[in-house]
file coords-v8.cif (mmCIF, C-alpha atoms and all ligand atoms)
data_start
#
loop_
_atom_site.label_atom_id
_atom_site.label_comp_id
_atom_site.auth_asym_id
_atom_site.auth_seq_id
_atom_site.Cartn_x
_atom_site.Cartn_y
_atom_site.Cartn_z
CA MET W 1 12.62 26.22 7.40
CA LEU W 2 9.36 25.52 9.13
CA ASN W 3 7.94 26.14 12.52
CA THR W 4 6.95 23.29 14.79
CA GLN W 5 4.81 23.75 17.84
CA ASN W 6 4.83 20.08 18.66
CA THR W 7 8.10 20.21 20.60
CA ASP W 8 9.10 20.76 24.22
CA ILE W 9 10.38 24.16 23.18
CA ALA W 10 7.53 25.68 21.20
CA GLU W 11 8.14 27.67 18.03
CA ILE W 12 11.65 26.36 17.33
CA GLU W 13 12.60 26.66 13.69
CA VAL W 14 13.47 23.24 12.34
CA ASP W 15 14.84 22.38 8.92
CA PHE W 16 13.08 19.04 8.61
CA VAL W 17 15.11 17.86 5.62
CA GLU W 18 18.48 18.50 7.34
CA GLU W 19 17.30 17.13 10.69
CA ILE W 20 15.85 13.96 9.18
CA LYS W 21 19.12 13.39 7.27
CA ARG W 22 21.11 13.90 10.48
CA LEU W 23 18.87 11.56 12.50
CA LYS W 24 19.04 8.93 9.77
CA LYS W 25 22.84 8.74 10.25
CA GLU W 26 22.67 8.98 14.04
CA LEU W 27 20.12 6.14 14.33
CA ASN W 28 21.46 4.06 11.42
CA ALA W 29 17.91 4.24 10.10
CA VAL W 30 16.37 3.47 6.75
CA ILE W 31 13.29 5.38 5.55
CA LEU W 32 10.90 3.23 3.52
CA ALA W 33 8.12 5.17 1.78
CA HIS W 34 5.04 4.14 -0.17
CA PHE W 35 4.19 5.81 -3.50
CA TYR W 36 1.14 7.49 -1.90
CA GLN W 37 3.21 9.55 0.53
CA GLU W 38 3.49 13.31 -0.01
CA SER W 39 6.31 14.26 -2.39
CA GLU W 40 8.67 15.72 0.28
CA ILE W 41 8.59 12.38 2.11
CA GLN W 42 9.25 10.46 -1.12
CA ASP W 43 12.19 12.81 -1.81
CA ILE W 44 13.89 12.06 1.50
CA ALA W 45 13.17 8.30 1.56
CA ASP W 46 15.92 5.72 1.02
CA TYR W 47 13.51 3.50 -0.79
CA ILE W 48 10.10 4.13 -2.42
CA GLY W 49 7.96 1.20 -3.47
CA ASP W 50 4.73 -0.75 -3.48
CA SER W 51 3.66 -3.04 -0.62
CA LEU W 52 5.64 -6.03 -1.87
CA GLN W 53 8.82 -4.08 -2.61
CA LEU W 54 8.68 -2.40 0.80
CA ALA W 55 8.24 -5.76 2.56
CA GLN W 56 11.19 -7.14 0.58
CA GLU W 57 13.33 -4.10 1.51
CA ALA W 58 12.32 -4.53 5.16
CA GLN W 59 13.34 -8.19 4.98
CA LYS W 60 16.86 -7.44 3.74
CA THR W 61 17.74 -4.15 5.45
CA LYS W 62 20.86 -3.95 7.60
CA ALA W 63 19.68 -0.74 9.31
CA ASP W 64 18.98 -0.76 13.06
CA VAL W 65 15.85 1.36 12.74
CA ILE W 66 13.12 1.16 10.09
CA VAL W 67 11.14 4.36 9.68
CA PHE W 68 8.00 3.45 7.78
CA ALA W 69 6.41 6.26 5.82
CA GLY W 70 3.28 4.37 4.91
CA VAL W 71 0.31 2.90 6.75
CA HIS W 72 0.08 0.70 9.83
CA PHE W 73 -0.22 -2.72 8.13
CA MET W 74 2.97 -1.97 6.16
CA ALA W 75 4.97 -1.02 9.27
CA GLU W 76 3.51 -4.01 11.10
CA THR W 77 4.72 -6.31 8.31
CA ALA W 78 8.21 -4.79 8.67
CA LYS W 79 8.10 -5.49 12.43
CA ILE W 80 6.93 -9.08 11.89
CA LEU W 81 9.98 -9.56 9.65
CA ASN W 82 12.33 -7.70 12.05
CA PRO W 83 11.43 -8.42 15.69
CA ASP W 84 14.75 -7.04 16.97
CA LYS W 85 14.64 -3.75 15.08
CA LEU W 86 12.94 -0.55 16.14
CA VAL W 87 10.12 0.09 13.65
CA LEU W 88 8.70 3.61 13.70
CA LEU W 89 5.49 4.89 12.08
CA PRO W 90 5.09 8.70 12.08
CA ASP W 91 1.37 8.47 12.94
CA LEU W 92 -0.11 5.33 14.50
CA LYS W 93 -3.57 6.37 13.25
CA ALA W 94 -2.43 5.81 9.66
CA GLY W 95 -4.66 2.78 9.14
CA CYS W 96 -6.43 1.37 6.09
CA SER W 97 -10.14 0.84 5.40
CA LEU W 98 -9.45 -2.68 4.14
CA ALA W 99 -7.66 -3.66 7.35
CA GLU W 100 -10.33 -2.01 9.51
CA GLY W 101 -13.15 -3.75 7.64
CA CYS W 102 -11.88 -7.24 8.38
CA PRO W 103 -11.72 -8.06 12.11
CA ALA W 104 -9.94 -11.37 12.80
CA PRO W 105 -12.79 -12.93 14.89
CA LEU W 106 -15.24 -12.45 11.98
CA LEU W 107 -12.78 -13.83 9.44
CA GLN W 108 -12.29 -16.82 11.79
CA LYS W 109 -16.08 -17.44 11.69
CA PHE W 110 -16.00 -17.28 7.87
CA LYS W 111 -13.11 -19.79 7.94
CA ASP W 112 -14.98 -22.10 10.34
CA LYS W 113 -17.94 -22.19 7.94
CA ASN W 114 -15.61 -23.22 5.10
CA PRO W 115 -13.14 -25.64 6.72
CA ASP W 116 -11.97 -27.09 3.39
CA HIS W 117 -10.81 -23.65 2.13
CA ILE W 118 -7.41 -22.03 2.59
CA VAL W 119 -7.25 -18.31 3.30
CA ILE W 120 -5.29 -15.97 1.06
CA SER W 121 -5.21 -12.51 2.61
CA TYR W 122 -4.22 -9.32 0.87
CA ILE W 123 -1.36 -7.70 2.82
CA ASN W 124 -3.74 -4.79 3.66
CA CYS W 125 -4.90 -6.50 6.87
CA SER W 126 -3.96 -6.64 10.55
CA ALA W 127 -1.38 -8.98 12.11
CA ASP W 128 -4.32 -10.83 13.74
CA VAL W 129 -5.79 -11.54 10.31
CA LYS W 130 -2.38 -12.55 8.94
CA ALA W 131 -2.00 -14.97 11.85
CA ILE W 132 -5.12 -16.92 10.76
CA SER W 133 -4.27 -16.78 7.03
CA ASP W 134 -2.39 -19.40 5.01
CA ILE W 135 -0.77 -17.10 2.47
CA ILE W 136 -0.43 -13.31 2.18
CA CYS W 137 -0.35 -11.57 -1.18
CA THR W 138 -0.09 -8.06 -2.58
CA SER W 139 -1.52 -6.66 -5.79
CA SER W 140 1.90 -7.36 -7.41
CA ASN W 141 1.96 -11.10 -6.78
CA ALA W 142 -1.68 -12.16 -6.12
CA GLU W 143 -2.26 -13.66 -9.57
CA LYS W 144 1.09 -15.50 -9.52
CA ILE W 145 0.34 -16.95 -6.08
CA VAL W 146 -3.21 -18.10 -6.91
CA LYS W 147 -1.95 -19.77 -10.11
CA GLN W 148 0.59 -21.81 -8.11
CA LEU W 149 -2.15 -23.50 -6.06
CA PRO W 150 -3.67 -26.81 -7.23
CA VAL W 151 -6.95 -26.30 -9.14
CA SER W 152 -8.74 -28.48 -6.59
CA GLN W 153 -7.72 -26.15 -3.73
CA LYS W 154 -10.70 -24.15 -2.45
CA ILE W 155 -9.88 -20.54 -1.57
CA ILE W 156 -11.22 -17.78 0.66
CA PHE W 157 -9.85 -14.39 -0.42
CA ALA W 158 -9.88 -11.50 2.07
CA PRO W 159 -10.38 -8.63 2.58
CA ASP W 160 -10.65 -6.83 -0.82
CA LYS W 161 -13.66 -7.92 -2.88
CA ASN W 162 -12.54 -5.86 -5.90
CA LEU W 163 -9.07 -7.40 -6.08
CA GLY W 164 -10.75 -10.78 -5.41
CA LYS W 165 -13.19 -10.34 -8.33
CA TYR W 166 -10.34 -9.27 -10.57
CA LEU W 167 -8.36 -12.39 -9.57
CA ILE W 168 -11.34 -14.66 -10.30
CA LYS W 169 -11.51 -13.14 -13.78
CA LYS W 170 -7.75 -13.45 -14.40
CA THR W 171 -7.26 -16.96 -13.02
CA GLY W 172 -10.66 -18.55 -13.70
CA ARG W 173 -10.64 -19.82 -10.09
CA GLU W 174 -13.70 -19.73 -7.88
CA MET W 175 -13.04 -17.95 -4.60
CA LYS W 176 -15.19 -17.03 -1.62
CA LEU W 177 -14.69 -13.30 -1.12
CA TRP W 178 -14.64 -11.21 2.04
CA GLN W 179 -16.74 -8.11 1.22
CA GLY W 180 -14.18 -5.37 2.02
CA SER W 181 -13.11 -2.43 -0.12
CA CYS W 182 -10.77 0.55 -0.22
CA ILE W 183 -12.51 3.86 0.49
CA VAL W 184 -10.18 5.58 -1.96
CA HIS W 185 -10.36 3.26 -4.96
CA GLU W 186 -14.12 2.88 -4.80
CA THR W 187 -14.64 6.66 -5.18
CA PHE W 188 -13.60 6.83 -8.84
CA SER W 189 -16.47 7.82 -11.09
CA GLU W 190 -17.10 5.68 -14.16
CA LYS W 191 -19.07 8.53 -15.79
CA LYS W 192 -16.33 11.12 -15.21
CA ILE W 193 -13.66 8.72 -16.51
CA ILE W 194 -15.67 8.18 -19.73
CA LYS W 195 -16.04 11.97 -20.09
CA LEU W 196 -12.27 12.42 -19.60
CA LYS W 197 -11.58 9.77 -22.20
CA THR W 198 -13.76 11.57 -24.77
CA GLU W 199 -11.86 14.80 -24.02
CA HIS W 200 -8.49 12.98 -24.26
CA PRO W 201 -9.07 10.21 -26.82
CA GLN W 202 -5.35 9.38 -27.05
CA ALA W 203 -4.98 8.86 -23.30
CA LYS W 204 -4.65 5.35 -21.92
CA ILE W 205 -6.65 4.50 -18.79
CA ILE W 206 -4.61 2.71 -16.13
CA ALA W 207 -6.06 1.44 -12.85
CA HIS W 208 -5.20 -0.27 -9.57
CA PRO W 209 -7.07 -3.58 -9.05
CA GLU W 210 -8.66 -2.19 -5.86
CA CYS W 211 -10.95 -0.15 -8.18
CA GLU W 212 -14.48 -1.37 -8.81
CA GLU W 213 -15.14 -3.67 -11.77
CA THR W 214 -17.12 -0.90 -13.55
CA VAL W 215 -13.93 1.22 -13.64
CA LEU W 216 -11.55 -1.70 -14.34
CA ASN W 217 -13.65 -2.57 -17.43
CA TYR W 218 -12.41 0.65 -19.09
CA ALA W 219 -8.74 0.16 -18.20
CA ASP W 220 -6.07 -0.41 -20.84
CA PHE W 221 -3.79 -1.64 -18.07
CA ILE W 222 -4.41 -2.86 -14.50
CA GLY W 223 -1.66 -3.31 -11.94
CA SER W 224 -0.09 -2.55 -8.58
CA THR W 225 1.41 0.90 -8.01
CA SER W 226 4.88 -0.26 -9.16
CA ALA W 227 3.36 -2.00 -12.21
CA LEU W 228 1.49 1.20 -13.15
CA LEU W 229 4.71 3.19 -12.81
CA LYS W 230 6.59 0.70 -15.00
CA PHE W 231 3.79 0.71 -17.59
CA VAL W 232 3.80 4.49 -18.12
CA GLN W 233 7.59 4.39 -18.63
CA GLU W 234 7.48 1.59 -21.19
CA ASP W 235 4.26 2.37 -23.07
CA PRO W 236 4.52 4.70 -26.10
CA ALA W 237 1.36 6.66 -25.10
CA LYS W 238 1.92 10.27 -24.11
CA GLU W 239 -1.20 10.74 -21.96
CA PHE W 240 -2.61 8.63 -19.14
CA ILE W 241 -5.76 8.76 -17.01
CA VAL W 242 -4.61 7.34 -13.67
CA ALA W 243 -7.17 5.56 -11.46
CA THR W 244 -5.26 5.22 -8.22
CA GLU W 245 -4.19 7.50 -5.36
CA PRO W 246 -2.60 10.65 -6.88
CA GLY W 247 0.59 10.28 -4.78
CA ILE W 248 1.84 7.96 -7.54
CA LEU W 249 2.07 10.99 -9.86
CA THR W 250 5.18 12.19 -7.99
CA GLN W 251 7.26 9.34 -9.43
CA MET W 252 5.36 9.20 -12.76
CA THR W 253 6.11 12.85 -13.53
CA LYS W 254 9.73 12.43 -12.37
CA LYS W 255 10.33 9.38 -14.56
CA CYS W 256 8.35 10.72 -17.55
CA PRO W 257 8.56 14.53 -17.50
CA ASP W 258 7.30 14.75 -21.10
CA LYS W 259 4.12 12.73 -20.55
CA ILE W 260 0.76 13.98 -19.28
CA PHE W 261 -0.91 12.36 -16.28
CA ILE W 262 -4.54 13.05 -15.44
CA THR W 263 -5.89 11.80 -12.12
CA ALA W 264 -9.19 9.94 -12.37
CA PRO W 265 -11.83 12.06 -10.60
CA PRO W 266 -13.93 10.90 -7.67
CA GLU W 267 -17.75 10.76 -7.86
CA ALA W 268 -18.26 13.68 -5.47
CA SER W 269 -16.52 17.03 -5.76
CA CYS W 270 -14.04 16.27 -3.00
CA SER W 271 -10.43 15.16 -2.73
CA CYS W 272 -11.54 11.69 -1.58
CA ASN W 273 -9.27 10.07 -4.18
CA GLU W 274 -6.47 10.94 -1.71
CA CYS W 275 -5.87 8.32 0.97
CA PRO W 276 -6.64 10.06 4.28
CA TYR W 277 -4.52 7.51 6.16
CA MET W 278 -1.42 7.83 3.99
CA LYS W 279 -1.72 11.61 4.17
CA LEU W 280 -1.58 11.59 8.00
CA ASN W 281 2.19 11.28 7.69
CA THR W 282 3.93 14.64 7.32
CA MET W 283 7.56 15.79 7.31
CA GLU W 284 7.05 17.17 10.80
CA LYS W 285 5.75 13.84 12.14
CA LEU W 286 8.54 11.99 10.33
CA TYR W 287 11.10 14.22 12.02
CA LEU W 288 9.45 13.94 15.45
CA CYS W 289 9.16 10.14 15.35
CA MET W 290 12.87 9.88 14.56
CA ARG W 291 13.82 12.45 17.18
CA ASP W 292 11.72 10.82 19.92
CA LYS W 293 11.97 7.19 18.69
CA THR W 294 8.20 6.91 18.98
CA PRO W 295 5.51 5.91 17.97
CA GLU W 296 6.94 2.45 17.54
CA ILE W 297 5.25 -0.76 16.37
CA THR W 298 5.17 -3.41 19.09
CA MET W 299 3.72 -6.89 18.98
CA ASP W 300 3.14 -9.94 21.08
CA GLU W 301 5.78 -12.55 20.10
CA ASP W 302 3.24 -15.37 19.79
CA LEU W 303 1.16 -13.30 17.35
CA ARG W 304 4.28 -12.25 15.42
CA VAL W 305 5.40 -15.85 14.89
CA LYS W 306 1.93 -16.84 13.65
CA ALA W 307 1.72 -13.83 11.31
CA LEU W 308 5.23 -14.43 9.96
CA LYS W 309 4.43 -17.84 8.45
CA PRO W 310 2.02 -16.68 5.69
CA ILE W 311 4.25 -13.66 4.93
CA LEU W 312 7.29 -15.90 4.39
CA ARG W 313 5.15 -18.15 2.21
CA MET W 314 4.27 -15.10 0.10
CA LEU W 315 7.92 -14.01 -0.18
CA GLU W 316 8.93 -17.53 -1.27
CA MET W 317 6.11 -17.70 -3.87
CA SER W 318 6.73 -14.19 -5.28
P1 LIG W 401 0.38 -1.44 -3.84
O1 LIG W 401 0.94 -2.66 -3.20
O2 LIG W 401 -0.01 -1.65 -5.27
O3 LIG W 401 1.32 -0.29 -3.69
O4 LIG W 401 -0.99 -1.06 -3.13
C1 LIG W 401 -1.04 -0.67 -1.79
C2 LIG W 401 -2.27 0.02 -1.46
O5 LIG W 401 -2.59 0.24 -0.32
C3 LIG W 401 -3.10 0.46 -2.56
O6 LIG W 401 -4.18 1.18 -2.06
FE1 LIG W 402 -5.86 1.31 2.41
FE2 LIG W 402 -7.05 2.33 0.29
FE3 LIG W 402 -5.38 3.85 1.70
FE4 LIG W 402 -4.44 1.82 0.19
S1 LIG W 402 -5.45 3.68 -0.52
S2 LIG W 402 -3.86 2.32 2.30
S3 LIG W 402 -6.10 0.32 0.43
S4 LIG W 402 -7.35 2.99 2.42
#
call {"tool": "encode", "arguments": {"input": "coords-v8.cif", "output": "structure tokens"}}
result
Amino acid sequence: MLNTQNTDIAEIEVDFVEEIKRLKKELNAVILAHFYQESEIQDIADYIGDSLQLAQEAQKTKADVIVFAGVHFMAETAKILNPDKLVLLPDLKAGCSLAEGCPAPLLQKFKDKNPDHIVISYINCSADVKAISDIICTSSNAEKIVKQLPVSQKIIFAPDKNLGKYLIKKTGREMKLWQGSCIVHETFSEKKIIKLKTEHPQAKIIAHPECEETVLNYADFIGSTSALLKFVQEDPAKEFIVATEPGILTQMTKKCPDKIFITAPPEASCSCNECPYMKLNTMEKLYLCMRDKTPEITMDEDLRVKALKPILRMLEMS
């Protein structure tokens, strides 16, 4: 039982878990949650996944309402795939530094300077950016998608320079990179990771490809959030140093209760390895958005149709 002041009747005691369950039935809603959400939200979600899995769930859901416990670009993708469904996001300010660092008019200028290039955009971008992209990708399918393109095809990759550099290394393809980055994944300290490794010599270092190259160079395994989760379940190691947002530890510790997970520390003594956008969503906001059917994701139909094309291309190529 918790108190909420953010209601018409202040100080009403609300059991968020029970109320969210009740509203889920009443609205015929599905709750999709990303691995970086707080554990209570992951516990009540119908589906927990990485960006690709959540987009795939959004594409096939029969629910009338999609409640997206994630960030704005993820809920926007669900809306692009489901124009007739109500798509709710508990906090509209739940953005992403990668999406914010790549305004569509500037990407358009970059495109105009390189007219013989196609644009592959990481799903962490706005609908406006998707609308001027040729193919969308996530960290789960980026390598697979790039490898399907003819070697002669010139590529612009936006907006994550770290994922882009990693892809160049993995595929041997030259790509022009948009210079964006994730404020969370670039905080990990190479020095502190090396120190941790000397203290835990048996531990394997695993990292998300949004991390800087200096950190990725030490990784025993690199992958999307779902790939990292799969790796710790299948690998015989008992200890892991995890270089991604610590929300992923909720499922890692659930799936592997006997293994030890150590979060990679940030450079400064802060909790800046937590995504401030993902953490804007709370159980209270989840409950309120379902109760009030707002905030909802809305979009101009012309923009939606343009943004849909590269997303469908991604889903076909995945
Ligand atoms: P995943 O698709 O690997 O879950 O990554 C999403 C994201 O925003 C990582 O910061
Ligand atoms: Fe964006 Fe980074 Fe947060 Fe992922 S962790 S949503 S890339 S700011």
call {"tool": "atom_distance", "arguments": {"input": "coords-v8.cif", "atom1": "CA of Lys306 in chain W", "atom2": "CA of Ala131 in chain W"}}
result
4.7 Å
call {"tool": "atom_distance", "arguments": {"input": "coords-v8.cif", "atom1": "CA of Arg173 in chain W", "atom2": "CA of Ala142 in chain W"}}
result
12.4 Å
call {"tool": "residues_near_ligand", "arguments": {"input": "coords-v8.cif", "ligand": "ligand LIG 402 (chain W)", "cutoff": "8 Å", "atoms": "all atoms listed in the file", "output": "number ranges by chain"}}
result
W: 36, 70-71, 95-99, 124, 181-185, 210, 244-245, 274-278
call {"tool": "residues_near_ligand", "arguments": {"input": "coords-v8.cif", "ligand": "ligand LIG 401 (chain W)", "cutoff": "7 Å", "atoms": "only C-alpha atoms and all ligand atoms", "output": "PyMOL selection string"}}
result
chain W and resi 34-35+49-52+124+138-140+182+208+210+224-226
call {"tool": "write_last_selection", "arguments": {"input": "coords-v8.cif", "atoms": "C-alpha atoms", "output": "PDB file, in the coordinates of the input"}}
result
ATOM      1  CA  HIS W  34       5.040   4.140  -0.170  1.00  0.00           C
ATOM      2  CA  PHE W  35       4.190   5.810  -3.500  1.00  0.00           C
ATOM      3  CA  GLY W  49       7.960   1.200  -3.470  1.00  0.00           C
ATOM      4  CA  ASP W  50       4.730  -0.750  -3.480  1.00  0.00           C
ATOM      5  CA  SER W  51       3.660  -3.040  -0.620  1.00  0.00           C
ATOM      6  CA  LEU W  52       5.640  -6.030  -1.870  1.00  0.00           C
ATOM      7  CA  ASN W 124      -3.740  -4.790   3.660  1.00  0.00           C
ATOM      8  CA  THR W 138      -0.090  -8.060  -2.580  1.00  0.00           C
ATOM      9  CA  SER W 139      -1.520  -6.660  -5.790  1.00  0.00           C
ATOM     10  CA  SER W 140       1.900  -7.360  -7.410  1.00  0.00           C
ATOM     11  CA  CYS W 182     -10.770   0.550  -0.220  1.00  0.00           C
ATOM     12  CA  HIS W 208      -5.200  -0.270  -9.570  1.00  0.00           C
ATOM     13  CA  GLU W 210      -8.660  -2.190  -5.860  1.00  0.00           C
ATOM     14  CA  SER W 224      -0.090  -2.550  -8.580  1.00  0.00           C
ATOM     15  CA  THR W 225       1.410   0.900  -8.010  1.00  0.00           C
ATOM     16  CA  SER W 226       4.880  -0.260  -9.160  1.00  0.00           C
TER      17      SER W 226
END
call {"tool": "atom_distance", "arguments": {"input": "coords-v8.cif", "atom1": "CA of Leu303 in chain W", "atom2": "CA of Ile120 in chain W"}}
result
17.7 Å
call {"tool": "residues_around", "arguments": {"input": "coords-v8.cif", "residues": "Leu229 in chain W", "least_positions_apart": "3", "cutoff": "9 Å", "atoms": "all atoms listed in the file", "output": "PyMOL selection string"}}
result
chain W and resi 224-226+232-234+248-249+251-252+255
call {"tool": "residues_around", "arguments": {"input": "coords-v8.cif", "residues": "range 80-84 of chain W", "least_positions_apart": "4", "cutoff": "10 Å", "atoms": "all atoms listed in the file", "output": "MDAnalysis selection string"}}
result
chainID W and resid 55:56 58:61 64:66 74:76 127 297:301 303:309 311:312
call {"tool": "closest_residue", "arguments": {"input": "coords-v8.cif", "among": "W:Met175, W:Leu163, W:Ala243, W:Ala264", "to": "Lys195 in chain W", "atoms": "all atoms listed in the file"}}
result
W:Ala264
call {"tool": "residues_around", "arguments": {"input": "coords-v8.cif", "residues": "Phe16 in chain W", "least_positions_apart": "5", "cutoff": "12 Å", "atoms": "all atoms listed in the file", "output": "ChimeraX atom specification"}}
result
/W:1-4,21-24,40-41,44,282-291
call {"tool": "write_last_selection", "arguments": {"input": "coords-v8.cif", "atoms": "C-alpha atoms", "output": "short mmCIF file (atom, residue, chain, number, x, y, z; two decimals), keeping the file's coordinate frame"}}
result
data_model
loop_
_atom_site.label_atom_id
_atom_site.label_comp_id
_atom_site.auth_asym_id
_atom_site.auth_seq_id
_atom_site.Cartn_x
_atom_site.Cartn_y
_atom_site.Cartn_z
CA MET W 1 12.62 26.22 7.40
CA LEU W 2 9.36 25.52 9.13
CA ASN W 3 7.94 26.14 12.52
CA THR W 4 6.95 23.29 14.79
CA LYS W 21 19.12 13.39 7.27
CA ARG W 22 21.11 13.90 10.48
CA LEU W 23 18.87 11.56 12.50
CA LYS W 24 19.04 8.93 9.77
CA GLU W 40 8.67 15.72 0.28
CA ILE W 41 8.59 12.38 2.11
CA ILE W 44 13.89 12.06 1.50
CA THR W 282 3.93 14.64 7.32
CA MET W 283 7.56 15.79 7.31
CA GLU W 284 7.05 17.17 10.80
CA LYS W 285 5.75 13.84 12.14
CA LEU W 286 8.54 11.99 10.33
CA TYR W 287 11.10 14.22 12.02
CA LEU W 288 9.45 13.94 15.45
CA CYS W 289 9.16 10.14 15.35
CA MET W 290 12.87 9.88 14.56
CA ARG W 291 13.82 12.45 17.18
#
call {"tool": "residues_around", "arguments": {"input": "coords-v8.cif", "residues": "Glu239 in chain W", "least_positions_apart": "6", "cutoff": "6 Å", "atoms": "only C-alpha atoms", "output": "list in words"}}
result
Ala203, Lys259, Ile260 and Phe261 of chain W
call {"tool": "residues_around", "arguments": {"input": "coords-v8.cif", "residues": "Val242 in chain W", "least_positions_apart": "6", "cutoff": "8 Å", "atoms": "only C-alpha atoms", "output": "list in words"}}
result
Ile205, Ile206, Ala207, Phe261, Ile262, Thr263 and Ala264 of chain W
call {"tool": "residues_near_point", "arguments": {"input": "coords-v8.cif", "point": "(14.8, 6.9, 1.4)", "cutoff": "9 Å", "atoms": "only C-alpha atoms", "output": "list in words"}}
result
Val30, Ile31, Leu32, Ala33, Ile41, Gln42, Asp43, Ile44, Ala45, Asp46, Tyr47 and Ile48 of chain W
call {"tool": "write_last_selection", "arguments": {"input": "coords-v8.cif", "atoms": "C-alpha atoms", "output": "PDB file, in the frame of the given file"}}
result
ATOM      1  CA  VAL W  30      16.370   3.470   6.750  1.00  0.00           C
ATOM      2  CA  ILE W  31      13.290   5.380   5.550  1.00  0.00           C
ATOM      3  CA  LEU W  32      10.900   3.230   3.520  1.00  0.00           C
ATOM      4  CA  ALA W  33       8.120   5.170   1.780  1.00  0.00           C
ATOM      5  CA  ILE W  41       8.590  12.380   2.110  1.00  0.00           C
ATOM      6  CA  GLN W  42       9.250  10.460  -1.120  1.00  0.00           C
ATOM      7  CA  ASP W  43      12.190  12.810  -1.810  1.00  0.00           C
ATOM      8  CA  ILE W  44      13.890  12.060   1.500  1.00  0.00           C
ATOM      9  CA  ALA W  45      13.170   8.300   1.560  1.00  0.00           C
ATOM     10  CA  ASP W  46      15.920   5.720   1.020  1.00  0.00           C
ATOM     11  CA  TYR W  47      13.510   3.500  -0.790  1.00  0.00           C
ATOM     12  CA  ILE W  48      10.100   4.130  -2.420  1.00  0.00           C
TER      13      ILE W  48
END
call {"tool": "closest_residue", "arguments": {"input": "coords-v8.cif", "among": "W:Lys254, W:Val146, W:Val87, W:Phe110", "to": "Tyr166 in chain W", "atoms": "only C-alpha atoms"}}
result
W:Val146
call {"tool": "closest_residue", "arguments": {"input": "coords-v8.cif", "among": "W:Leu167, W:Phe188, W:Gln179, W:Lys230", "to": "Pro209 in chain W", "atoms": "only C-alpha atoms"}}
result
W:Leu167
call {"tool": "axis_aligned_box", "arguments": {"input": "coords-v8.cif", "around": "range 20-30 of chain W", "padding_each_side": "6 Å", "output": "AutoDock Vina command-line options"}}
result
--center_x 19.3 --center_y 8.7 --center_z 10.5 --size_x 19.0 --size_y 22.5 --size_z 19.6
call {"tool": "closest_residue", "arguments": {"input": "coords-v8.cif", "among": "W:Ile194, W:Val17, W:Ile118, W:Leu106", "to": "Ser133 in chain W", "atoms": "all atoms listed in the file"}}
result
W:Ile118
call {"tool": "closest_residue", "arguments": {"input": "coords-v8.cif", "among": "W:Asp15, W:Asp134, W:Asp112, W:Glu190", "to": "Leu149 in chain W", "atoms": "only C-alpha atoms"}}
result
W:Asp134
call {"tool": "build_atoms", "arguments": {"input": "coords-v8.cif", "residues": "range 297-306 of chain W", "atoms": "N, CA, C and O atoms", "output": "compact mmCIF listing (two decimals), in the coordinates of the input"}}
result
# COMPACT_ATOMS: atom_id res chain seq x y z
N ILE W 297 6.15 0.40 16.53
CA ILE W 297 5.25 -0.76 16.37
C ILE W 297 5.73 -1.84 17.33
O ILE W 297 6.91 -2.21 17.33
N THR W 298 4.83 -2.32 18.17
CA THR W 298 5.17 -3.41 19.09
C THR W 298 4.18 -4.55 18.86
O THR W 298 3.09 -4.32 18.36
N MET W 299 4.60 -5.75 19.23
CA MET W 299 3.72 -6.89 18.98
C MET W 299 4.03 -8.06 19.90
O MET W 299 5.20 -8.30 20.23
N ASP W 300 3.01 -8.73 20.29
CA ASP W 300 3.14 -9.94 21.08
C ASP W 300 3.91 -10.99 20.25
O ASP W 300 3.60 -11.18 19.06
N GLU W 301 4.91 -11.64 20.86
CA GLU W 301 5.78 -12.55 20.10
C GLU W 301 5.02 -13.74 19.51
O GLU W 301 5.28 -14.18 18.39
N ASP W 302 4.01 -14.22 20.26
CA ASP W 302 3.24 -15.37 19.79
C ASP W 302 2.49 -14.99 18.49
O ASP W 302 2.48 -15.74 17.51
N LEU W 303 1.89 -13.80 18.53
CA LEU W 303 1.16 -13.30 17.35
C LEU W 303 2.13 -13.10 16.18
O LEU W 303 1.85 -13.47 15.04
N ARG W 304 3.30 -12.52 16.47
CA ARG W 304 4.28 -12.25 15.42
C ARG W 304 4.69 -13.54 14.69
O ARG W 304 4.73 -13.60 13.46
N VAL W 305 4.96 -14.59 15.48
CA VAL W 305 5.40 -15.85 14.89
C VAL W 305 4.30 -16.43 13.99
O VAL W 305 4.57 -16.91 12.89
N LYS W 306 3.05 -16.32 14.46
CA LYS W 306 1.93 -16.84 13.65
C LYS W 306 1.75 -16.02 12.36
O LYS W 306 1.45 -16.57 11.30
